Each structure stands twice: as C-alpha cells, then as structure tokens.
>>> print(open('query04.cif').read())   # mmCIF, C-alpha atoms
data_final
loop_
_atom_site.label_atom_id
_atom_site.label_comp_id
_atom_site.auth_asym_id
_atom_site.auth_seq_id
_atom_site.Cartn_x
_atom_site.Cartn_y
_atom_site.Cartn_z
CA MET R 584 -22.08 32.75 62.32
CA ARG R 585 -19.40 34.56 60.38
CA SER R 586 -20.51 36.61 57.40
CA LEU R 587 -19.58 35.50 53.89
CA GLU R 588 -17.20 38.46 53.56
CA SER R 589 -15.36 37.61 56.78
CA MET R 590 -15.03 33.96 55.68
CA ARG R 591 -13.50 35.08 52.40
CA THR R 592 -11.07 37.29 54.30
CA LEU R 593 -9.97 34.31 56.38
CA GLN R 594 -9.54 32.14 53.27
CA HIS R 595 -7.32 34.71 51.57
CA ARG R 596 -5.30 35.63 54.66
CA ASP R 597 -1.56 35.33 54.19
CA PRO R 598 -0.28 32.40 56.32
CA ASP R 599 2.84 34.52 56.94
CA GLU R 600 0.87 37.41 58.40
CA ALA R 601 2.31 36.86 61.88
CA LEU R 602 5.84 36.63 60.49
CA VAL R 603 5.41 39.93 58.65
CA ARG R 604 4.34 41.63 61.88
CA GLN R 605 7.32 40.15 63.74
CA LEU R 606 9.76 41.31 61.05
CA ARG R 607 8.30 44.81 61.08
CA HIS R 608 8.60 45.02 64.85
CA GLY R 609 12.17 43.69 64.85
CA ASP R 610 11.33 40.52 66.76
CA ASP R 611 14.52 38.66 67.69
CA THR R 612 13.24 35.32 66.39
CA ALA R 613 11.67 36.67 63.17
CA VAL R 614 14.83 36.39 61.06
CA GLU R 615 15.41 32.82 62.23
CA THR R 616 11.83 31.96 61.33
CA LEU R 617 12.21 33.58 57.91
CA VAL R 618 15.39 31.64 57.14
CA ALA R 619 13.93 28.36 58.42
CA ARG R 620 10.76 28.82 56.36
CA TYR R 621 12.18 30.25 53.14
CA GLY R 622 15.96 29.88 53.18
CA ALA R 623 16.08 26.61 51.23
CA LYS R 624 13.45 27.79 48.71
CA VAL R 625 15.32 31.04 48.14
CA TYR R 626 18.58 29.18 47.57
CA GLN R 627 17.01 26.68 45.15
CA LEU R 628 15.41 29.45 43.10
CA ALA R 629 18.69 31.38 43.01
CA LEU R 630 20.53 28.22 41.95
CA LYS R 631 18.07 27.50 39.14
CA ILE R 632 18.51 31.01 37.78
CA THR R 633 22.26 31.47 38.21
CA GLY R 634 23.30 27.85 37.69
CA ASN R 635 26.19 28.42 40.09
CA PRO R 636 26.23 27.36 43.79
CA GLN R 637 28.50 30.21 44.87
CA ASP R 638 26.38 32.82 43.09
CA ALA R 639 23.24 31.19 44.49
CA GLN R 640 24.60 31.39 48.02
CA GLU R 641 25.48 35.07 47.68
CA VAL R 642 22.16 35.86 46.01
CA SER R 643 20.31 34.06 48.82
CA GLN R 644 22.12 36.07 51.48
CA ASP R 645 21.51 39.34 49.65
CA ALA R 646 17.85 38.51 49.03
CA LEU R 647 17.14 37.54 52.64
CA TRP R 648 18.92 40.65 53.89
CA ASN R 649 16.88 42.83 51.53
CA ILE R 650 13.67 41.14 52.66
CA VAL R 651 14.44 41.87 56.30
CA SER R 652 15.69 45.42 55.74
CA LYS R 653 12.91 46.38 53.31
CA ILE R 654 9.97 44.64 55.00
CA GLY R 655 8.49 48.08 55.54
CA SER R 656 7.98 48.40 51.78
CA PHE R 657 5.99 45.16 51.64
CA LYS R 658 2.42 46.32 51.05
CA GLY R 659 0.72 42.97 51.46
CA GLU R 660 -0.94 43.12 48.03
CA ALA R 661 0.39 39.59 47.42
CA ALA R 662 1.48 36.86 49.80
CA LEU R 663 4.84 37.25 51.53
CA GLY R 664 6.08 34.15 49.74
CA SER R 665 5.39 35.70 46.34
CA TRP R 666 7.17 38.89 47.34
CA ILE R 667 10.18 36.86 48.54
CA TYR R 668 10.29 35.08 45.18
CA ARG R 669 10.21 38.41 43.37
CA VAL R 670 13.05 39.81 45.47
CA THR R 671 15.11 36.65 44.98
CA ALA R 672 14.45 36.45 41.24
CA ASN R 673 15.41 40.07 40.77
CA ALA R 674 18.63 39.64 42.77
CA ALA R 675 19.58 36.50 40.82
CA TYR R 676 18.77 38.13 37.49
CA GLN R 677 20.90 41.15 38.31
CA ARG R 678 23.74 38.85 39.35
CA LEU R 679 23.53 37.11 35.97
CA ARG R 680 23.74 40.41 34.11
CA ARG R 681 26.78 41.51 36.12
CA ARG R 682 28.50 38.15 35.96
CA ARG R 683 28.84 37.98 32.22
CA PRO R 684 27.60 39.60 29.02
CA GLN R 685 24.96 37.77 27.07
CA GLU R 686 26.85 34.78 25.66
CA ARG R 687 24.26 33.69 23.17
CA SER R 688 21.87 35.70 21.10
CA TRP R 689 18.26 34.67 20.83
CA GLU R 690 18.66 34.30 17.08
CA ASP R 691 20.85 31.26 17.78
CA ALA R 692 18.05 29.63 19.72
CA VAL R 693 14.80 30.67 18.11
CA LEU R 694 12.55 28.24 16.27
CA ARG R 695 11.45 28.70 12.69
CA LEU R 696 8.13 30.52 12.89
CA ASP R 697 5.62 31.42 10.25
CA GLY R 698 4.26 34.91 9.63
CA GLU R 699 1.77 34.58 12.48
CA GLY R 700 4.40 33.55 15.00
CA LYS R 701 3.30 29.91 14.98
CA LEU R 702 5.48 26.84 14.64
CA ALA R 703 6.62 26.39 11.07
CA GLU R 704 7.64 22.82 11.85
CA PRO R 705 5.11 19.97 12.05
CA HIS R 706 4.03 18.91 15.53
CA GLU R 707 5.26 15.41 16.30
CA ASP R 708 3.49 12.81 18.41
CA TRP R 709 5.93 11.72 21.14
CA SER R 710 3.43 9.64 23.11
CA PRO R 711 4.91 6.25 21.97
CA TYR R 712 8.06 7.06 23.95
CA VAL R 713 6.61 8.14 27.30
CA ASP R 714 6.43 4.56 28.63
CA ASP R 715 10.14 3.91 28.12
CA PRO R 716 11.93 4.94 31.35
CA VAL R 717 15.32 5.13 29.60
CA LEU R 718 14.02 7.49 26.93
CA VAL R 719 12.14 9.56 29.51
CA ALA R 720 15.33 9.95 31.57
CA GLU R 721 17.28 10.96 28.45
CA ALA R 722 14.54 13.39 27.44
CA ARG R 723 14.73 15.05 30.86
CA ARG R 724 18.47 15.49 30.42
CA VAL R 725 17.90 17.00 26.97
CA ILE R 726 15.35 19.43 28.40
CA GLN R 727 17.68 20.46 31.23
CA GLU R 728 20.52 21.06 28.78
CA ALA R 729 18.16 23.07 26.57
CA VAL R 730 17.03 25.18 29.53
CA ASP R 731 20.67 25.84 30.41
CA ALA R 732 21.33 26.85 26.79
CA LEU R 733 18.58 29.47 26.73
CA PRO R 734 19.68 33.10 26.81
CA ASP R 735 19.57 34.33 30.41
CA ASP R 736 16.59 36.65 29.92
CA TYR R 737 14.45 33.85 28.51
CA ARG R 738 15.61 31.17 30.94
CA VAL R 739 14.73 33.30 33.97
CA ALA R 740 11.23 34.07 32.71
CA PHE R 741 10.63 30.42 31.79
CA LEU R 742 11.84 29.11 35.17
CA LEU R 743 9.78 31.59 37.13
CA HIS R 744 6.61 30.75 35.21
CA ASP R 745 6.79 27.07 34.25
CA VAL R 746 8.90 25.75 37.14
CA GLU R 747 8.14 28.06 40.07
CA GLY R 748 4.56 28.79 39.05
CA LEU R 749 4.68 32.58 39.36
CA PRO R 750 1.98 34.43 37.38
CA ASN R 751 3.09 36.67 34.55
CA PRO R 752 2.29 39.99 36.31
CA GLU R 753 4.55 39.05 39.23
CA ILE R 754 7.35 38.03 36.86
CA ALA R 755 6.97 41.33 35.06
CA ARG R 756 7.35 43.22 38.36
CA ALA R 757 10.29 41.09 39.46
CA LEU R 758 12.22 41.58 36.23
CA ASP R 759 11.01 45.12 35.52
CA LEU R 760 9.52 44.10 32.18
CA SER R 761 6.25 44.73 30.43
CA LEU R 762 3.66 41.96 30.56
CA PRO R 763 3.84 41.36 26.77
CA ALA R 764 7.63 41.01 27.04
CA VAL R 765 7.28 38.36 29.73
CA LYS R 766 4.70 36.43 27.71
CA SER R 767 6.88 36.60 24.62
CA ARG R 768 9.97 35.29 26.44
CA ILE R 769 8.08 32.39 27.99
CA HIS R 770 6.48 31.51 24.66
CA ARG R 771 9.72 31.58 22.71
CA ALA R 772 11.54 29.63 25.43
CA ARG R 773 8.90 26.91 25.20
CA LEU R 774 9.26 26.79 21.43
CA PHE R 775 13.00 26.38 21.71
CA LEU R 776 12.63 23.56 24.25
CA ARG R 777 10.09 21.87 21.99
CA ARG R 778 12.51 22.04 19.09
CA GLU R 779 15.34 20.54 21.13
CA LEU R 780 13.08 17.76 22.41
CA GLY R 781 11.84 17.13 18.88
CA ALA R 782 15.41 16.83 17.61
CA TYR R 783 16.12 14.28 20.35
CA PHE R 784 13.14 12.12 19.41
CA ASP R 785 14.15 12.40 15.74
CA ARG R 786 17.47 10.85 16.73
CA VAL R 787 15.62 8.12 18.62
CA LYS R 788 13.54 7.31 15.55
CA SER R 789 16.66 7.23 13.39
CA ARG R 790 18.30 4.76 15.77
CA GLU R 791 15.19 2.59 15.69
CA ALA R 792 15.09 2.68 11.89
CA GLU R 793 18.76 1.70 11.66
CA SER R 794 18.25 -1.21 14.04
CA LEU R 795 15.36 -2.73 12.06
CA PRO R 796 17.45 -4.11 9.14
CA ALA R 797 19.92 -5.63 11.57
CA LEU R 798 17.09 -7.22 13.55
CA SER R 799 15.45 -8.69 10.41
CA GLU R 800 18.79 -10.16 9.29
CA THR R 801 19.27 -11.99 12.60
CA GLN R 802 15.75 -13.42 12.34
CA HIS R 803 16.54 -14.88 8.92
#
>>> encode(input="query04.cif", output="structure tokens")
Amino acid sequence: MRSLESMRTLQHRDPDEALVRQLRHGDDTAVETLVARYGAKVYQLALKITGNPQDAQEVSQDALWNIVSKIGSFKGEAALGSWIYRVTANAAYQRLRRRRPQERSWEDAVLRLDGEGKLAEPHEDWSPYVDDPVLVAEARRVIQEAVDALPDDYRVAFLLHDVEGLPNPEIARALDLSLPAVKSRIHRARLFLRRELGAYFDRVKSREAESLPALSETQH
C-alpha cells in the first residue's frame, strides 16, 4: 500500500508535468500540445483583458512564445496552468498600458464610502427580479458595460479574480503589485459594479411605478 505522504503527492501532482518535461527537453510535439491545450484559454483571457481581438491575438502569440522560451524559469511551485495565466495576464496588462494612457480616473468610478470604507448607500434587495429572464439578460449587459468602464488596473484584477478564479497572491505576482493593492482593486471594482447594477434596478422600479397608474386606469 502507498503511504499517506505518497498519496498526497499524487493528488497534488501537476497534470501538465509531462508537458513541462517535454517543453524543457525541446520535444518537437510539445509546442503543439501546449497550443492545443491552452491556446484558446490564453486567447480568451487576453481578449477579456484587452477587449480587442487584434491585441488579444498578439498577446496570445507573445505569451505562448514566452512560455516556451522561458520554461526553464518555471519552478513548479504552482501548476503550469496557473503560471500560463500569470504570463498571459502580465502580457495583456502591459499591452493595455502601452496602447493608451489611462482614459478614466478611479474617482469617476468609485462608490460613495463611509469613513470605514463601507458602502454609504443602502443595500437593495434585487431578489424579486432574478426570475425575470428579460431583466436578467439586461442586468448581464449592464454588468458587462460596467466591467468595460472600469479603469484598466481595476478591471484586470477583477477579471483575474472573479472571472478566472486566480487567487490574490498569483494576481499580485502577475501584475507586480502588493497583496493589499490587489485586494483593494478587486473590492473597489465590486463596489462600482454593485452601484451600476443598483442604478439599473432603480430604473426598473421607476418604470414599474410609472406603469401602475396607467394599468389602474385601464382596469377602471
């Protein structure tokens, strides 16, 4: 029987361990395997961050090339997939910074907070609307537009954490930020999205309120 320690080693083994060895030894099929396994994921992440198909394509090519050429620097402290995400996120983030200056300051987007950094606005109950497919579809559009409107620094951190599921320490390494800075950006991005979603549901309630008098008149 295997020992408990050896079983744990097997459970935590990187499924890409063989691919890493092949890349390090310059195996002819390793690059094809890498692209087949991660090419689409790399492109989708780059597209989410840059918001531009051409930039995403170039970022993907650069990221995959860097992964192949710098595989020797991969220490195996995290899974290969996580390292690939970090390389891709960093390349996409740098492309954003070169592509244009920051177009919107965070002060344009930030929520009203109290002295303790908590929401100064009341929390609304949106549960009555979640069963309406039309409103849910509209709310998703509102959220996507709000994500696109975030300052680049905050959008990247939010996407990596809440969409891609990367832990904060990995995001910090990918973006060369401190852990508190990453947490702050994710937190403030969420607050902004909550405000935008709240404003949308306020408009929904206003439309409902305006329709009530008209409905009562038709019933009489």
>>> residues_around(input="query04.cif", residues="Lys653 in chain R", least_positions_apart="6", cutoff="10 Å", atoms="all atoms listed in the file", output="list in words")
Leu606, Arg607 and Leu647 of chain R
>>> atom_distance(input="query04.cif", atom1="CA of Arg604 in chain R", atom2="CA of Ile654 in chain R")
9.4 Å
>>> resolve_selection(input="query04.cif", expression="the PyMOL selection byres ((chain R and resi 739) around 10)", output="PDB file with C-alpha atoms, in the frame of the given file")
ATOM      1  CA  LEU R 628      15.410  29.450  43.100  1.00  0.00           C
ATOM      2  CA  LYS R 631      18.070  27.500  39.140  1.00  0.00           C
ATOM      3  CA  ILE R 632      18.510  31.010  37.780  1.00  0.00           C
ATOM      4  CA  THR R 633      22.260  31.470  38.210  1.00  0.00           C
ATOM      5  CA  ALA R 672      14.450  36.450  41.240  1.00  0.00           C
ATOM      6  CA  ASN R 673      15.410  40.070  40.770  1.00  0.00           C
ATOM      7  CA  ALA R 675      19.580  36.500  40.820  1.00  0.00           C
ATOM      8  CA  TYR R 676      18.770  38.130  37.490  1.00  0.00           C
ATOM      9  CA  LEU R 679      23.530  37.110  35.970  1.00  0.00           C
ATOM     10  CA  VAL R 730      17.030  25.180  29.530  1.00  0.00           C
ATOM     11  CA  LEU R 733      18.580  29.470  26.730  1.00  0.00           C
ATOM     12  CA  PRO R 734      19.680  33.100  26.810  1.00  0.00           C
ATOM     13  CA  ASP R 735      19.570  34.330  30.410  1.00  0.00           C
ATOM     14  CA  ASP R 736      16.590  36.650  29.920  1.00  0.00           C
ATOM     15  CA  TYR R 737      14.450  33.850  28.510  1.00  0.00           C
ATOM     16  CA  ARG R 738      15.610  31.170  30.940  1.00  0.00           C
ATOM     17  CA  ALA R 740      11.230  34.070  32.710  1.00  0.00           C
ATOM     18  CA  PHE R 741      10.630  30.420  31.790  1.00  0.00           C
ATOM     19  CA  LEU R 742      11.840  29.110  35.170  1.00  0.00           C
ATOM     20  CA  LEU R 743       9.780  31.590  37.130  1.00  0.00           C
ATOM     21  CA  HIS R 744       6.610  30.750  35.210  1.00  0.00           C
ATOM     22  CA  ILE R 754       7.350  38.030  36.860  1.00  0.00           C
ATOM     23  CA  LEU R 758      12.220  41.580  36.230  1.00  0.00           C
ATOM     24  CA  VAL R 765       7.280  38.360  29.730  1.00  0.00           C
ATOM     25  CA  ARG R 768       9.970  35.290  26.440  1.00  0.00           C
ATOM     26  CA  ILE R 769       8.080  32.390  27.990  1.00  0.00           C
ATOM     27  CA  ALA R 772      11.540  29.630  25.430  1.00  0.00           C
TER      28      ALA R 772
END
>>> closest_residue(input="query04.cif", among="R:Arg669, R:Lys658, R:His608, R:Arg790", to="Ala629 in chain R", atoms="only C-alpha atoms")
R:Arg669
>>> closest_residue(input="query04.cif", among="R:Arg678, R:Arg724, R:Asn751, R:Ala757", to="Glu641 in chain R", atoms="all atoms listed in the file")
R:Arg678
>>> residues_near_point(input="query04.cif", point="(15.1, 14.5, 19.3)", cutoff="12 Å", atoms="only C-alpha atoms", output="PDB file with C-alpha atoms, keeping the file's coordinate frame")
ATOM      1  CA  GLU R 707       5.260  15.410  16.300  1.00  0.00           C
ATOM      2  CA  ASP R 708       3.490  12.810  18.410  1.00  0.00           C
ATOM      3  CA  TRP R 709       5.930  11.720  21.140  1.00  0.00           C
ATOM      4  CA  TYR R 712       8.060   7.060  23.950  1.00  0.00           C
ATOM      5  CA  LEU R 718      14.020   7.490  26.930  1.00  0.00           C
ATOM      6  CA  VAL R 719      12.140   9.560  29.510  1.00  0.00           C
ATOM      7  CA  GLU R 721      17.280  10.960  28.450  1.00  0.00           C
ATOM      8  CA  ALA R 722      14.540  13.390  27.440  1.00  0.00           C
ATOM      9  CA  ARG R 723      14.730  15.050  30.860  1.00  0.00           C
ATOM     10  CA  ARG R 724      18.470  15.490  30.420  1.00  0.00           C
ATOM     11  CA  VAL R 725      17.900  17.000  26.970  1.00  0.00           C
ATOM     12  CA  ILE R 726      15.350  19.430  28.400  1.00  0.00           C
ATOM     13  CA  ALA R 729      18.160  23.070  26.570  1.00  0.00           C
ATOM     14  CA  LEU R 776      12.630  23.560  24.250  1.00  0.00           C
ATOM     15  CA  ARG R 777      10.090  21.870  21.990  1.00  0.00           C
ATOM     16  CA  ARG R 778      12.510  22.040  19.090  1.00  0.00           C
ATOM     17  CA  GLU R 779      15.340  20.540  21.130  1.00  0.00           C
ATOM     18  CA  LEU R 780      13.080  17.760  22.410  1.00  0.00           C
ATOM     19  CA  GLY R 781      11.840  17.130  18.880  1.00  0.00           C
ATOM     20  CA  ALA R 782      15.410  16.830  17.610  1.00  0.00           C
ATOM     21  CA  TYR R 783      16.120  14.280  20.350  1.00  0.00           C
ATOM     22  CA  PHE R 784      13.140  12.120  19.410  1.00  0.00           C
ATOM     23  CA  ASP R 785      14.150  12.400  15.740  1.00  0.00           C
ATOM     24  CA  ARG R 786      17.470  10.850  16.730  1.00  0.00           C
ATOM     25  CA  VAL R 787      15.620   8.120  18.620  1.00  0.00           C
ATOM     26  CA  LYS R 788      13.540   7.310  15.550  1.00  0.00           C
ATOM     27  CA  SER R 789      16.660   7.230  13.390  1.00  0.00           C
ATOM     28  CA  ARG R 790      18.300   4.760  15.770  1.00  0.00           C
TER      29      ARG R 790
END
>>> closest_residue(input="query04.cif", among="R:Pro763, R:Gly664, R:Gly634, R:Gly609", to="Ala732 in chain R", atoms="all atoms listed in the file")
R:Gly634
>>> atom_distance(input="query04.cif", atom1="CA of Gln640 in chain R", atom2="CA of Arg680 in chain R")
16.6 Å
>>> closest_residue(input="query04.cif", among="R:Val618, R:Leu774, R:Ala674, R:Val746", to="Asp759 in chain R", atoms="only C-alpha atoms")
R:Ala674
>>> atom_distance(input="query04.cif", atom1="CA of Leu749 in chain R", atom2="CA of Glu728 in chain R")
22.3 Å
>>> residues_near_point(input="query04.cif", point="(21.3, 27.4, 43.6)", cutoff="6 Å", atoms="all atoms listed in the file", output="ChimeraX atom specification")
/R:626-627,629-631,636,639
>>> write_last_selection(input="query04.cif", atoms="C-alpha atoms", output="mmCIF file, in the coordinates of the input")
data_model
loop_
_atom_site.group_PDB
_atom_site.id
_atom_site.type_symbol
_atom_site.label_atom_id
_atom_site.label_comp_id
_atom_site.auth_asym_id
_atom_site.auth_seq_id
_atom_site.Cartn_x
_atom_site.Cartn_y
_atom_site.Cartn_z
ATOM 1 C CA TYR R 626 18.580 29.180 47.570
ATOM 2 C CA GLN R 627 17.010 26.680 45.150
ATOM 3 C CA ALA R 629 18.690 31.380 43.010
ATOM 4 C CA LEU R 630 20.530 28.220 41.950
ATOM 5 C CA LYS R 631 18.070 27.500 39.140
ATOM 6 C CA PRO R 636 26.230 27.360 43.790
ATOM 7 C CA ALA R 639 23.240 31.190 44.490
#
>>> closest_residue(input="query04.cif", among="R:Val717, R:Ala619, R:Val625, R:Ala792", to="Trp666 in chain R", atoms="all atoms listed in the file")
R:Val625
>>> residues_around(input="query04.cif", residues="Leu762 in chain R", least_positions_apart="4", cutoff="7 Å", atoms="all atoms listed in the file", output="list in words")
Asn751, Pro752, Ala755 and Lys766 of chain R
>>> closest_residue(input="query04.cif", among="R:Ile650, R:Ala720, R:Ala661, R:Leu760", to="Tyr621 in chain R", atoms="only C-alpha atoms")
R:Ile650
